[in-house]
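Structure first, then comments.
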Amino acid sequence: MNHRNGNPIKAILFDLDGTLRHHLPTGVQVFMDYLTSRGLHFSDEEKTRAERWEHFYFANSLEIQQDKKLYKDEGEFWLNYSKRRLVALGMHHPQAAEIAPDVSAHMGEHYKPEVYVPEEIPFVLTTLKDAGYILGVVSNRDEPYHEELKNLSLDPYFGFSLAAGEINAFKPDPRIFERGLELAGTSAQETMYIGDNYYADIVGSHRAGLTPVLYDPGTLFPDAECAVIRSFVELPDLLKRQSS
């Protein structure tokens, strides 16, 4: 068992979307490719700023809470989102409002990504499970997603999965992590949380007392004040270093 070697971590909880489950191509790629086709170009700094904003927005921000109440129609919600993201890229509001309908329509028609799990994940999860770690998934999804884990061939690795909508507490709210601890049967000090969204996953799990690990393959958050992995193959070594 892992803690026999001095490692206090007994449970490892994972985010789902953007961590275990990915899209190819990404929404960002399709969004930016369309803008390029329109002759609109942005600096790397502007692109990074917009991606960070996107993470912040989907971390149950006040903005997305307000938008969900205001835009009940899904099409209207994504139209407004397109406008917000254009502004995050540095575009002035009038221009963003002008081209947002075209961008949103393009995304609706052409964004048909394939879902995939990074190839190293099954091996790493097998290694962790065989080492005796309790594994779980804690997501900001509205509805339970066990069938999706099954379709992704991930369900055998996890003892439980938790959707924020089940308890009406969305990351970074500490309550969702506290419920995850109850399901894992471990204390916060004995539990690690791994996710790709700094604002939801890292801030939230840290507030709840867990050990946060940022999965950041694109180095979107180079100044993150926590452990960072670029690939899941780094995770076993990270656990070993923590135990030494």
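Within each chain, counting starts at residue 1; across the structure tokens, chains are named A, B, ... in the order shown, with ligands numbered 1 upward in that order.
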Requested in this report: Write out as a list of chain:residue names the residues lying within 10 Å of Phe232 (chain A), counting only C-alpha atoms and excluding same-chain residues fewer than 4 positions away.
Outcome: A:Thr19, A:Leu20, A:Pro118, A:Glu119, A:Glu120, A:Ile121, A:Pro122, A:Phe123, A:Val124, A:Leu125, A:Ile194, A:Tyr215, A:Pro217, A:Pro236, A:Asp237, A:Leu238
Report task. Could you give me the residues within region 39-128 of chain A that DSSP places in alpha helix (DSSP H), as a VMD selection string? Result -> chain A and resid 44 to 57 62 to 70 74 to 88 93 to 110 121 to 128
Report task. Identify which of the residues A:Gln65, A:Thr48, A:Ser231, A:Ser243 lies closest to Arg85 (chain A), counting only C-alpha atoms when measuring atom-to-atom distances. Result ->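 Smallest distance to Arg85 (chain A) is found for A:Thr48.
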Requested in this report: Would you mind telling me which residue in A:Asn80, A:Gln242, A:Thr219, A:Asn151 lies nearest to Met192 (chain A) when using only C-alpha atoms?
Outcome: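 Counting only C-alpha atoms, the residue closest to Met192 (chain A) is A:Gln242.
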Requested in this report: Run DSSP on the backbone and give me the residues of chain A it puts in strand (DSSP E), as a ChimeraX atom specification.
Outcome: /A:11-14,22-24,114-116,134-139,160-163,191-195,211-215,227-229
Query - Contacts of region 176-183 of chain A at 9 Å (only C-alpha atoms; same-chain gap of 5+ positions) as JSON, numbers by chain - result: {"A": [11, 13, 136, 137, 138, 139, 140, 159, 160, 161, 162, 163, 164, 167, 168, 169, 170, 171, 188, 191, 193, 204, 205, 208, 210]}
Output of the above residues as a JSON list (two decimals), in the first residue's frame, restricted to N, CA, C and O atoms:
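Result went into selection-v5.json, see below:
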[["chain", "number", "residue", "atom", "x", "y", "z"],
["A", 11, "ALA", "N", -5.82, 8.58, -1.63],
["A", 11, "ALA", "CA", -6.82, 8.67, -2.69],
["A", 11, "ALA", "C", -6.40, 9.73, -3.71],
["A", 11, "ALA", "O", -5.82, 10.76, -3.35],
["A", 13, "LEU", "N", -8.19, 11.85, -6.83],
["A", 13, "LEU", "CA", -9.42, 12.18, -7.53],
["A", 13, "LEU", "C", -9.09, 12.99, -8.78],
["A", 13, "LEU", "O", -8.17, 13.81, -8.77],
["A", 136, "GLY", "N", -11.12, 8.18, -7.89],
["A", 136, "GLY", "CA", -12.47, 8.68, -8.15],
["A", 136, "GLY", "C", -12.44, 9.82, -9.16],
["A", 136, "GLY", "O", -11.37, 10.37, -9.46],
["A", 137, "VAL", "N", -13.61, 10.15, -9.70],
["A", 137, "VAL", "CA", -13.74, 11.25, -10.65],
["A", 137, "VAL", "C", -14.73, 12.26, -10.09],
["A", 137, "VAL", "O", -15.84, 11.88, -9.68],
["A", 138, "VAL", "N", -14.34, 13.52, -10.07],
["A", 138, "VAL", "CA", -15.19, 14.59, -9.56],
["A", 138, "VAL", "C", -15.25, 15.67, -10.64],
["A", 138, "VAL", "O", -14.24, 16.29, -10.96],
["A", 139, "SER", "N", -16.44, 15.88, -11.20],
["A", 139, "SER", "CA", -16.60, 16.75, -12.36],
["A", 139, "SER", "C", -17.66, 17.81, -12.12],
["A", 139, "SER", "O", -18.58, 17.63, -11.32],
["A", 140, "ASN", "N", -17.55, 18.91, -12.87],
["A", 140, "ASN", "CA", -18.57, 19.97, -12.82],
["A", 140, "ASN", "C", -19.75, 19.67, -13.74],
["A", 140, "ASN", "O", -20.53, 20.58, -14.05],
["A", 159, "GLY", "N", -13.54, 3.95, -8.18],
["A", 159, "GLY", "CA", -14.49, 3.48, -7.19],
["A", 159, "GLY", "C", -15.78, 4.26, -7.20],
["A", 159, "GLY", "O", -16.82, 3.76, -6.76],
["A", 160, "PHE", "N", -15.74, 5.48, -7.69],
["A", 160, "PHE", "CA", -16.95, 6.31, -7.73],
["A", 160, "PHE", "C", -16.75, 7.47, -8.70],
["A", 160, "PHE", "O", -15.62, 7.80, -9.08],
["A", 161, "SER", "N", -17.85, 8.08, -9.10],
["A", 161, "SER", "CA", -17.83, 9.33, -9.87],
["A", 161, "SER", "C", -18.88, 10.25, -9.28],
["A", 161, "SER", "O", -19.92, 9.80, -8.78],
["A", 162, "LEU", "N", -18.60, 11.54, -9.33],
["A", 162, "LEU", "CA", -19.49, 12.54, -8.73],
["A", 162, "LEU", "C", -19.67, 13.70, -9.70],
["A", 162, "LEU", "O", -18.69, 14.27, -10.18],
["A", 163, "ALA", "N", -20.91, 14.04, -9.98],
["A", 163, "ALA", "CA", -21.24, 15.22, -10.79],
["A", 163, "ALA", "C", -21.69, 16.34, -9.86],
["A", 163, "ALA", "O", -22.45, 16.12, -8.91],
["A", 164, "ALA", "N", -21.22, 17.55, -10.14],
["A", 164, "ALA", "CA", -21.54, 18.70, -9.29],
["A", 164, "ALA", "C", -23.05, 18.90, -9.19],
["A", 164, "ALA", "O", -23.57, 19.28, -8.13],
["A", 167, "ILE", "N", -25.19, 17.41, -6.28],
["A", 167, "ILE", "CA", -25.24, 18.01, -4.95],
["A", 167, "ILE", "C", -25.37, 19.53, -5.04],
["A", 167, "ILE", "O", -25.32, 20.22, -4.01],
["A", 168, "ASN", "N", -25.53, 20.05, -6.28],
["A", 168, "ASN", "CA", -25.67, 21.49, -6.51],
["A", 168, "ASN", "C", -24.53, 22.28, -5.88],
["A", 168, "ASN", "O", -24.73, 23.32, -5.24],
["A", 169, "ALA", "N", -23.31, 21.79, -6.10],
["A", 169, "ALA", "CA", -22.11, 22.48, -5.65],
["A", 169, "ALA", "C", -21.06, 22.31, -6.73],
["A", 169, "ALA", "O", -20.60, 21.18, -6.97],
["A", 170, "PHE", "N", -20.71, 23.40, -7.38],
["A", 170, "PHE", "CA", -19.82, 23.34, -8.54],
["A", 170, "PHE", "C", -18.44, 23.88, -8.18],
["A", 170, "PHE", "O", -18.32, 24.89, -7.49],
["A", 171, "LYS", "N", -17.42, 23.18, -8.66],
["A", 171, "LYS", "CA", -16.05, 23.67, -8.44],
["A", 171, "LYS", "C", -15.94, 25.12, -8.90],
["A", 171, "LYS", "O", -16.49, 25.46, -9.95],
["A", 188, "ALA", "N", -8.83, 15.12, 3.79],
["A", 188, "ALA", "CA", -8.29, 16.02, 2.78],
["A", 188, "ALA", "C", -6.77, 15.86, 2.66],
["A", 188, "ALA", "O", -6.21, 15.89, 1.56],
["A", 191, "THR", "N", -5.60, 13.08, 0.36],
["A", 191, "THR", "CA", -6.23, 13.05, -0.96],
["A", 191, "THR", "C", -5.61, 14.07, -1.90],
["A", 191, "THR", "O", -5.41, 15.23, -1.55],
["A", 193, "TYR", "N", -5.98, 15.90, -5.77],
["A", 193, "TYR", "CA", -6.93, 16.19, -6.85],
["A", 193, "TYR", "C", -6.18, 16.68, -8.07],
["A", 193, "TYR", "O", -5.35, 17.59, -7.99],
["A", 204, "GLY", "N", -10.13, 25.38, -6.03],
["A", 204, "GLY", "CA", -11.17, 24.71, -5.24],
["A", 204, "GLY", "C", -10.62, 23.61, -4.36],
["A", 204, "GLY", "O", -10.95, 23.54, -3.16],
["A", 205, "SER", "N", -9.78, 22.73, -4.91],
["A", 205, "SER", "CA", -9.25, 21.62, -4.10],
["A", 205, "SER", "C", -8.32, 22.13, -3.01],
["A", 205, "SER", "O", -8.29, 21.57, -1.90],
["A", 208, "ALA", "N", -10.27, 23.32, -0.12],
["A", 208, "ALA", "CA", -10.85, 22.20, 0.64],
["A", 208, "ALA", "C", -9.78, 21.40, 1.38],
["A", 208, "ALA", "O", -10.12, 20.45, 2.09],
["A", 210, "LEU", "N", -7.20, 19.65, 0.01],
["A", 210, "LEU", "CA", -6.60, 18.55, -0.72],
["A", 210, "LEU", "C", -5.25, 18.99, -1.30],
["A", 210, "LEU", "O", -4.94, 20.18, -1.33]]
Query raised in the report: Hey, what's within 9 Å of Arg84 (chain A) if we count only C-alpha atoms and toss same-chain stuff fewer than 3 positions away? As a PyMOL selection string, please?
Result: chain A and resi 79-81+87-89+93+96-97+100
Residues from last step as file, C-alpha atoms, as a PDB file, in the first residue's frame:
ATOM      1  CA  LEU A  79     -23.675  33.279 -29.417  1.00  0.00           C
ATOM      2  CA  ASN A  80     -23.064  35.322 -26.287  1.00  0.00           C
ATOM      3  CA  TYR A  81     -20.109  33.095 -25.409  1.00  0.00           C
ATOM      4  CA  VAL A  87     -13.596  40.413 -26.369  1.00  0.00           C
ATOM      5  CA  ALA A  88     -11.205  38.269 -24.297  1.00  0.00           C
ATOM      6  CA  LEU A  89      -8.963  38.094 -27.368  1.00  0.00           C
ATOM      7  CA  HIS A  93     -17.198  45.186 -28.230  1.00  0.00           C
ATOM      8  CA  ALA A  96     -17.143  41.390 -31.478  1.00  0.00           C
ATOM      9  CA  ALA A  97     -20.924  41.834 -31.563  1.00  0.00           C
ATOM     10  CA  ALA A 100     -20.038  36.801 -33.186  1.00  0.00           C
TER      11      ALA A 100
END
Report task. Could you check which of A:Ala184, A:Leu220, A:Met91, A:Leu40 is closest to Ile134 (chain A), using only C-alpha atoms? Result ->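 Smallest separation from Ile134 (chain A) among the options: A:Ala184.
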Contact check, region 182-240 of chain A to region 49-53 of chain A, at most 9 Å, counting only C-alpha atoms, closest pairs as a Markdown table:
| residue | atom | partner | partner_atom | distance |
| --- | --- | --- | --- | --- |
| A:Asn197 | CA | A:Arg52 | CA | 8.9 |
| A:Tyr198 | CA | A:Arg52 | CA | 8.8 |
| A:Leu220 | CA | A:Arg52 | CA | 7.2 |
| A:Phe221 | CA | A:Arg52 | CA | 8.1 |
**Report entry** Top pick for closest residue to Leu154 (chain A), considering A:Phe14, A:Arg175, A:Leu86, A:Tyr199 and counting only C-alpha atoms
**Finding:** A:Phe14
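One distance worth recording is that between CA of Asp155 (chain A) and CA of Glu190 (chain A), which is 22.5 Å.
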Query raised in the report: Expressed in Å to a single decimal, how great is the separation between CA of Val115 (chain A) and CA of Glu148 (chain A)?
Result: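 We find that CA of Val115 (chain A) and CA of Glu148 (chain A) lie 10.8 Å from each other.
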**Report entry** Nearest to Tyr116 (chain A), chosen from A:Ser61, A:Ser82, A:Thr186, A:Ser153, with only C-alpha atoms counted in the distances
**Finding:** A:Ser153
Requested in this report: Kindly give the distance, in Å, that separates CA of Ala227 (chain A) and CA of Asp173 (chain A), rounded to a single decimal.
Outcome: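 These two atoms are separated by 20.5 Å.
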Requested in this report: Tell me which of A:Met107, A:Leu128, A:Leu149, A:Ile64 sits closest to Phe77 (chain A), counting only C-alpha atoms.
Outcome: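 Looking at the shortest contact to Phe77 (chain A), the residue is A:Ile64.
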Query raised in the report: Residues at most 7 Å from Asp216 (chain A), counting only C-alpha atoms, excluding those fewer than 5 positions away in the same chain, as number ranges by chain?
Result: A: 196, 228-230
